[in-house]
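A.B. asks: my_file.cif (mmCIF, C-alpha atoms) pasted underneath:
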```
data_work
#
loop_
_atom_site.label_atom_id
_atom_site.label_comp_id
_atom_site.auth_asym_id
_atom_site.auth_seq_id
_atom_site.Cartn_x
_atom_site.Cartn_y
_atom_site.Cartn_z
CA MET S 1 95.22 93.16 107.40
CA THR S 2 97.00 95.75 109.52
CA PHE S 3 95.60 99.07 110.72
CA ARG S 4 97.74 100.87 108.15
CA LYS S 5 96.19 98.82 105.35
CA TYR S 6 92.67 99.72 106.49
CA LEU S 7 93.87 103.34 106.52
CA VAL S 8 94.93 103.01 102.85
CA LEU S 9 91.46 101.62 101.99
CA ALA S 10 89.86 104.57 103.82
CA GLY S 11 92.13 106.94 101.86
CA ILE S 12 90.96 105.42 98.57
CA THR S 13 87.35 105.97 99.63
CA VAL S 14 87.74 109.58 100.75
CA PHE S 15 90.10 110.79 97.99
CA SER S 16 87.99 109.34 95.18
CA THR S 17 84.72 110.66 96.64
CA VAL S 18 85.93 114.21 97.24
CA GLY S 19 87.89 114.24 93.98
CA ASP S 20 84.86 113.15 91.94
CA SER S 21 82.65 115.76 93.65
CA LEU S 22 85.13 118.53 92.80
CA LEU S 23 85.34 117.33 89.18
CA ALA S 24 81.55 117.21 88.84
CA ARG S 25 81.30 120.74 90.21
CA GLY S 26 83.94 122.01 87.81
CA MET S 27 82.31 120.34 84.81
CA LYS S 28 78.94 121.81 85.76
CA GLU S 29 80.53 125.24 85.90
CA LEU S 30 82.06 124.78 82.44
CA GLY S 31 78.84 123.56 80.86
CA GLY S 32 78.61 121.20 77.91
CA ALA S 33 81.95 120.49 76.33
CA SER S 34 81.82 119.99 72.60
CA LEU S 35 83.24 117.14 70.57
CA HIS S 36 84.06 119.67 67.85
CA ASN S 37 86.52 121.48 70.07
CA VAL S 38 88.98 118.90 71.37
CA SER S 39 91.65 121.42 72.36
CA GLY S 40 89.10 123.39 74.39
CA PHE S 41 87.99 120.17 76.00
CA LEU S 42 91.54 119.22 77.00
CA LEU S 43 91.91 122.70 78.56
CA THR S 44 89.16 121.95 81.10
CA VAL S 45 91.99 121.02 83.49
CA LEU S 46 92.65 124.76 83.93
CA ASN S 47 89.40 125.21 85.86
CA PRO S 48 90.31 125.38 89.59
CA TRP S 49 87.62 122.87 90.66
CA VAL S 50 88.73 120.41 87.99
CA ALA S 51 92.40 120.98 88.93
CA ALA S 52 91.72 120.39 92.66
CA GLY S 53 89.73 117.29 91.74
CA ILE S 54 92.64 115.97 89.70
CA VAL S 55 95.10 116.52 92.59
CA LEU S 56 92.85 114.45 94.88
CA LEU S 57 92.43 111.79 92.21
CA ILE S 58 96.24 111.49 92.01
CA ALA S 59 96.27 110.85 95.78
CA PHE S 60 93.51 108.31 95.19
CA PHE S 61 95.55 106.65 92.45
CA ALA S 62 98.63 106.29 94.69
CA SER S 63 96.63 104.66 97.50
CA TYR S 64 94.74 102.49 94.99
CA MET S 65 98.01 101.20 93.48
CA SER S 66 99.33 100.50 96.98
CA ALA S 67 96.21 98.50 97.88
CA LEU S 68 96.33 96.51 94.63
CA SER S 69 99.89 95.49 95.46
CA TRP S 70 98.76 93.57 98.54
CA ALA S 71 95.05 92.80 98.00
CA ASP S 72 92.83 91.32 95.28
CA LEU S 73 90.95 93.58 92.87
CA THR S 74 87.69 91.87 93.83
CA TYR S 75 88.45 92.77 97.46
CA VAL S 76 89.60 96.37 97.00
CA LEU S 77 86.70 97.49 94.77
CA PRO S 78 83.76 96.54 97.04
CA ALA S 79 85.70 97.40 100.21
CA THR S 80 86.21 101.00 99.04
CA SER S 81 82.69 101.64 97.75
CA LEU S 82 81.53 103.34 100.97
CA GLY S 83 82.17 106.62 99.14
CA TYR S 84 78.65 106.52 97.70
CA VAL S 85 77.31 106.31 101.23
CA LEU S 86 79.66 109.11 102.30
CA VAL S 87 78.27 111.44 99.61
CA ALA S 88 74.69 110.78 100.75
CA ILE S 89 75.58 111.43 104.40
CA VAL S 90 77.36 114.69 103.51
CA ALA S 91 74.34 115.72 101.41
CA ARG S 92 71.96 114.90 104.28
CA ILE S 93 73.89 116.51 107.12
CA GLY S 94 75.87 119.20 105.31
CA PHE S 95 73.30 120.36 102.77
CA HIS S 96 70.06 119.16 104.43
CA GLU S 97 69.05 117.29 101.27
CA GLN S 98 66.18 114.83 101.51
CA ILE S 99 67.15 111.19 100.94
CA SER S 100 64.39 109.05 99.41
CA PRO S 101 63.59 105.55 100.79
CA THR S 102 65.05 103.98 97.61
CA ARG S 103 68.33 105.80 98.21
CA TRP S 104 68.39 104.59 101.84
CA LEU S 105 67.87 101.07 100.49
CA GLY S 106 70.79 101.60 98.08
CA ILE S 107 72.93 102.81 101.01
CA ALA S 108 71.99 99.69 103.00
CA PHE S 109 72.91 97.44 100.05
CA ILE S 110 76.33 99.07 99.61
CA ALA S 111 77.08 99.00 103.35
CA ALA S 112 76.12 95.31 103.48
CA GLY S 113 78.37 94.56 100.48
CA VAL S 114 81.30 96.37 102.08
CA GLY S 115 80.76 94.57 105.39
CA ILE S 116 80.59 91.17 103.72
CA VAL S 117 83.78 91.55 101.70
CA ALA S 118 85.88 93.46 104.24
CA ALA S 119 85.57 90.68 106.79
CA ALA S 120 86.80 88.03 104.31
CA PRO S 121 90.41 87.26 103.28
CA SER S 122 91.87 90.08 101.18
CA VAL S 123 94.15 88.15 98.83
CA THR S 124 94.11 84.91 96.83
CA PRO S 125 97.11 82.70 97.79
CA THR S 126 100.00 83.51 95.45
CA PRO S 127 99.68 81.87 92.02
CA ALA S 128 102.85 80.44 90.46
CA ARG S 129 102.68 82.82 87.47
CA LEU S 130 103.74 85.81 89.55
CA VAL S 131 107.30 87.03 89.12
CA GLN S 132 107.57 88.35 92.69
CA PRO S 133 105.85 85.80 94.89
CA GLN S 134 104.39 87.31 98.03
CA PRO S 135 104.39 85.30 101.22
CA ALA S 136 100.79 84.25 101.82
CA SER S 137 99.56 85.94 104.95
CA GLU S 138 97.82 83.83 107.55
CA GLU S 139 94.43 85.34 106.69
CA ALA S 140 94.74 84.24 103.05
CA LYS S 141 94.74 80.55 103.92
CA PRO S 142 91.57 78.79 102.76
CA MET I 1 70.09 111.57 70.54
CA ASN I 2 71.84 112.59 73.74
CA GLU I 3 70.60 109.37 75.32
CA ILE I 4 72.50 107.33 72.73
CA TYR I 5 75.63 109.39 73.44
CA ALA I 6 75.18 108.86 77.17
CA TRP I 7 74.80 105.07 76.87
CA SER I 8 77.76 104.87 74.47
CA ALA I 9 79.76 106.76 77.08
CA VAL I 10 78.60 104.26 79.75
CA LEU I 11 79.69 101.34 77.56
CA VAL I 12 83.10 102.86 76.76
CA ILE I 13 83.69 103.82 80.41
CA THR I 14 82.79 100.31 81.63
CA ILE I 15 85.05 98.51 79.15
CA ALA I 16 87.96 100.94 79.58
CA ALA I 17 87.69 101.05 83.38
CA THR I 18 87.56 97.26 83.66
CA ALA I 19 90.55 96.82 81.33
CA GLY I 20 92.41 99.49 83.32
CA ASP I 21 91.63 97.95 86.72
CA VAL I 22 92.66 94.48 85.60
CA LEU I 23 95.91 95.69 83.99
CA LEU I 24 96.81 97.82 87.03
CA ALA I 25 96.00 95.01 89.48
CA TYR I 26 98.15 92.63 87.40
CA SER I 27 101.02 95.14 87.33
CA MET I 28 100.92 95.83 91.06
CA LYS I 29 100.88 92.13 91.89
CA ARG I 30 104.05 91.80 89.80
CA VAL I 31 105.62 94.74 91.66
CA GLY I 32 104.80 93.15 95.02
CA ASP I 33 103.77 94.65 98.35
CA VAL I 34 104.56 98.36 97.97
CA GLY I 35 104.69 98.94 101.74
CA GLU I 36 107.34 96.26 102.30
CA LEU I 37 109.31 97.35 99.22
CA TRP I 38 109.32 100.95 100.46
CA LYS I 39 110.49 99.89 103.92
CA ALA I 40 113.29 97.73 102.52
CA HIS I 41 114.55 99.78 99.55
CA GLY I 42 112.92 103.26 99.72
CA LEU I 43 110.42 105.18 97.62
CA LEU I 44 112.65 105.43 94.53
CA ALA I 45 112.87 101.65 94.32
CA VAL I 46 109.07 101.47 94.45
CA LEU I 47 108.71 104.06 91.67
CA GLY I 48 111.42 102.38 89.61
CA ARG I 49 109.78 99.00 89.93
CA VAL I 50 106.32 100.36 89.03
CA LEU I 51 107.58 102.43 86.09
CA SER I 52 109.50 99.50 84.62
CA THR I 53 106.30 97.43 84.38
CA PRO I 54 104.92 97.84 80.83
CA THR I 55 101.38 96.69 81.68
CA PHE I 56 101.20 99.57 84.19
CA PHE I 57 101.23 102.09 81.32
CA LEU I 58 98.62 100.11 79.37
CA GLY I 59 96.44 100.24 82.49
CA VAL I 60 96.98 103.99 82.88
CA GLY I 61 96.10 104.45 79.19
CA ALA I 62 92.85 102.51 79.63
CA MET I 63 92.08 104.57 82.75
CA ALA I 64 92.72 107.79 80.79
CA ILE I 65 90.21 106.65 78.15
CA ALA I 66 87.69 105.90 80.91
CA PHE I 67 88.37 109.28 82.56
CA TYR I 68 87.89 111.35 79.40
CA SER I 69 84.80 109.33 78.42
CA LEU I 70 83.42 110.14 81.87
CA LEU I 71 84.10 113.86 81.35
CA PHE I 72 82.32 113.68 77.97
CA GLY I 73 79.45 111.73 79.51
CA LEU I 74 79.11 114.26 82.36
CA SER I 75 79.15 117.19 79.95
CA TRP I 76 76.09 115.76 78.18
CA GLY I 77 74.23 116.34 81.40
CA ASN I 78 72.99 112.90 82.35
CA LEU I 79 74.96 112.87 85.60
CA SER I 80 72.40 110.66 87.36
CA LEU I 81 72.59 108.08 84.57
CA VAL I 82 76.23 108.03 83.45
CA VAL I 83 77.97 107.79 86.84
CA PRO I 84 75.83 105.13 88.56
CA ALA I 85 75.30 103.05 85.40
CA SER I 86 79.00 102.86 84.55
CA ALA I 87 80.05 102.37 88.20
CA SER I 88 77.49 99.63 88.71
CA LEU I 89 78.39 97.77 85.51
CA THR I 90 82.12 98.13 86.23
CA PHE I 91 81.73 96.29 89.57
CA ILE I 92 80.20 93.29 87.82
CA ALA I 93 82.54 93.38 84.81
CA ASN I 94 85.53 93.53 87.17
CA ALA I 95 84.40 90.51 89.17
CA ILE I 96 84.16 88.49 85.93
CA ALA I 97 87.43 89.84 84.50
CA ALA I 98 89.37 89.29 87.76
CA ARG I 99 88.18 85.69 87.82
CA PHE I 100 89.36 84.97 84.26
CA PHE I 101 92.37 87.24 83.73
CA LEU I 102 93.82 87.56 87.24
CA HIS I 103 92.77 84.09 88.44
CA GLU I 104 91.49 85.61 91.66
CA ARG I 105 89.39 83.34 93.78
CA VAL I 106 86.04 85.11 93.46
CA CYS I 107 84.23 83.18 96.15
CA ARG I 108 80.48 83.40 96.77
CA ARG I 109 81.07 86.03 99.42
CA ARG I 110 82.80 88.34 96.93
CA TRP I 111 80.14 87.76 94.28
CA ILE I 112 77.43 88.70 96.75
CA ALA I 113 79.41 91.78 97.79
CA ALA I 114 79.96 92.89 94.16
CA LEU I 115 76.28 92.36 93.29
CA LEU I 116 75.07 94.12 96.47
CA VAL I 117 77.29 97.13 95.79
CA ALA I 118 76.29 97.23 92.10
CA ALA I 119 72.58 97.04 93.03
CA GLY I 120 73.06 99.65 95.76
CA VAL I 121 74.78 102.06 93.38
CA ALA I 122 71.96 101.60 90.85
CA LEU I 123 69.29 102.12 93.55
CA MET I 124 70.91 105.35 94.75
CA ALA I 125 70.37 106.84 91.28
CA VAL I 126 66.62 106.12 91.22
#
```
Using the file provided, produce a representation of the structure as structure tokens.

C.D. replies:
Amino acid sequence: MTFRKYLVLAGITVFSTVGDSLLARGMKELGGASLHNVSGFLLTVLNPWVAAGIVLLIAFFASYMSALSWADLTYVLPATSLGYVLVAIVARIGFHEQISPTRWLGIAFIAAGVGIVAAAPSVTPTPARLVQPQPASEEAKP
Amino acid sequence: MNEIYAWSAVLVITIAATAGDVLLAYSMKRVGDVGELWKAHGLLAVLGRVLSTPTFFLGVGAMAIAFYSLLFGLSWGNLSLVVPASASLTFIANAIAARFFLHERVCRRRWIAALLVAAGVALMAV
């Protein structure tokens, strides 16, 4: 794992967190969308919050695809789940929201999970079924 | 009634997101290391390689289903249920699916990490 690869993982975390927050805000502004009005529902992308959220989620998608090209899915997913912690920290510091003890426990669990997986090898040694075999990096050796 | 809608949304999101993640991970492993490909042949080669992988579009389709189900789920108002429940279940479903469909070596360390994160996400919603 190079520094640039850790940077891509950080990008996944930040883009998805901020993108989701913007989407949630936009959807709250729009109120309940109805199943009876599919065209109206598809037009939700015209809301500026939703649109900004989608732009960030595209950035997330690009970094996510990049990470999946050189690391296992079961590595990338836990390693990028610090976003949940990020949201809580922003809520605590930025908006002075109270964080309950159960939420702190949840934060500790997530942080522990990220720490455990991020320190381990990031990719399973190349299986024969792959069309484009990747050279196994030294960290992937058992 | 809304509760049934919300849990159906959670179920659809979990299945679609897991299918999408597995298909996209499979596609990108076929494409190969994007960083090295970019360095050697440029961005267009990367895009060309990705866009000529059929499973990539299946994965994007599954992700689109998950995304719109999430929007529906959010619009029913149970934000504190839909997001953590589907996220938490997707972590576990992905660990199982990656083991069987991608033949990833899901060692004990990764299982513990997936379960810790899933539990943590669920706890943060309480």

A.B. asks: Given the choices I:Phe91, I:Leu81, I:Glu104, I:Leu24, which gets closest to I:Met124 if the distance is worked out from all atoms listed in the file?

C.D. replies: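 When distances to I:Met124 are compared using all atoms listed in the file, the smallest one comes from I:Leu81.
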
A.B. asks: Would you translate the PyMOL selection byres ((chain I) within 8 of (chain S)) into the concrete set of residues it matches in this file, as a VMD selection string?

C.D. replies: chain I and resid 21 to 22 24 to 25 28 to 35 71 to 72 74 to 77 91 94 to 95 98 104 to 106 109 to 110 112 to 126

A.B. asks: For this structure, which residues satisfy the selection - the PyMOL selection byres ((chain S and resi 20) around 12) - when it is evaluated on the file as given? I want them as JSON, numbers by chain.

C.D. replies: {"S": [12, 13, 14, 15, 16, 17, 18, 19, 21, 22, 23, 24, 25, 26, 27, 49, 50, 51, 52, 53, 54, 55, 56, 57, 58, 60, 83, 84, 87], "I": [67, 70, 71, 74, 79, 83]}

A.B. asks: Please report as CSV every residue of stretch 66-105 of chain I lying within 10 Å of stretch 11-14 of chain I, along with the nearest atom pair and their distance in Å (one decimal), using all atoms listed in the file.

C.D. replies:
```
residue,atom,partner,partner_atom,distance
I:Ala66,CA,I:Ile13,CA,4.5
I:Phe67,CA,I:Ile13,CA,7.5
I:Tyr68,CA,I:Ile13,CA,8.7
I:Ser69,CA,I:Ile13,CA,6.0
I:Leu70,CA,I:Ile13,CA,6.5
I:Gly73,CA,I:Ile13,CA,9.0
I:Val82,CA,I:Ile13,CA,9.1
I:Val83,CA,I:Ile13,CA,9.5
I:Ala85,CA,I:Thr14,CA,8.8
I:Ser86,CA,I:Thr14,CA,5.4
I:Ala87,CA,I:Thr14,CA,7.4
I:Ser88,CA,I:Thr14,CA,8.9
I:Leu89,CA,I:Thr14,CA,6.4
I:Thr90,CA,I:Thr14,CA,5.1
I:Phe91,CA,I:Thr14,CA,9.0
I:Ile92,CA,I:Thr14,CA,9.7
I:Ala93,CA,I:Thr14,CA,7.6
I:Asn94,CA,I:Thr14,CA,9.2
```

A.B. asks: So, counting only C-alpha atoms, which residue among S:Ala91, S:Leu86, S:Thr80, S:Leu46 is closest to S:Ser63?

C.D. replies: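 Of S:Ala91, S:Leu86, S:Thr80, S:Leu46, the one nearest S:Ser63, counting only C-alpha atoms, is S:Thr80.
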
A.B. asks: Closest to I:Tyr26 among I:Ile65, I:Phe56, I:Ile4, I:Ile96, using only C-alpha atoms?

C.D. replies: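 The closest residue to I:Tyr26 is I:Phe56.
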
A.B. asks: Build an axis-aligned box that encloses every atom of stretch 68-75 of chain I listed in the file, pad it by 4 Å on each side, and report its centre and edge lengths in Å to one decimal, as AutoDock Vina command-line options.

C.D. replies:
```
--center_x 83.5 --center_y 113.3 --center_z 80.2 --size_x 16.8 --size_y 15.9 --size_z 12.4
```

A.B. asks: So how many Å separate atom CA of I:Ala62 and atom CA of I:Thr18, to one decimal?

C.D. replies: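 Going from atom CA of I:Ala62 over to atom CA of I:Thr18 covers 8.5 Å.
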
A.B. asks: With C-alpha atoms retained, output stretch 111-125 of chain I as a short mmCIF file (atom, residue, chain, number, x, y, z; two decimals), in the first residue's frame.

C.D. replies:
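Printed below is result_30.cif as written:
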```
data_model
loop_
_atom_site.label_atom_id
_atom_site.label_comp_id
_atom_site.auth_asym_id
_atom_site.auth_seq_id
_atom_site.Cartn_x
_atom_site.Cartn_y
_atom_site.Cartn_z
CA TRP I 111 -14.73 -11.07 9.45
CA ILE I 112 -14.12 -9.36 12.77
CA ALA I 113 -13.68 -6.02 11.00
CA ALA I 114 -16.91 -6.45 8.98
CA LEU I 115 -18.88 -7.48 12.08
CA LEU I 116 -17.41 -4.66 14.21
CA VAL I 117 -18.28 -2.07 11.57
CA ALA I 118 -21.78 -3.53 11.07
CA ALA I 119 -22.39 -3.52 14.85
CA GLY I 120 -20.95 -0.01 15.16
CA VAL I 121 -23.21 1.32 12.39
CA ALA I 122 -26.24 -0.28 14.07
CA LEU I 123 -25.25 1.14 17.49
CA MET I 124 -24.88 4.66 16.10
CA ALA I 125 -28.56 4.59 15.10
#
```
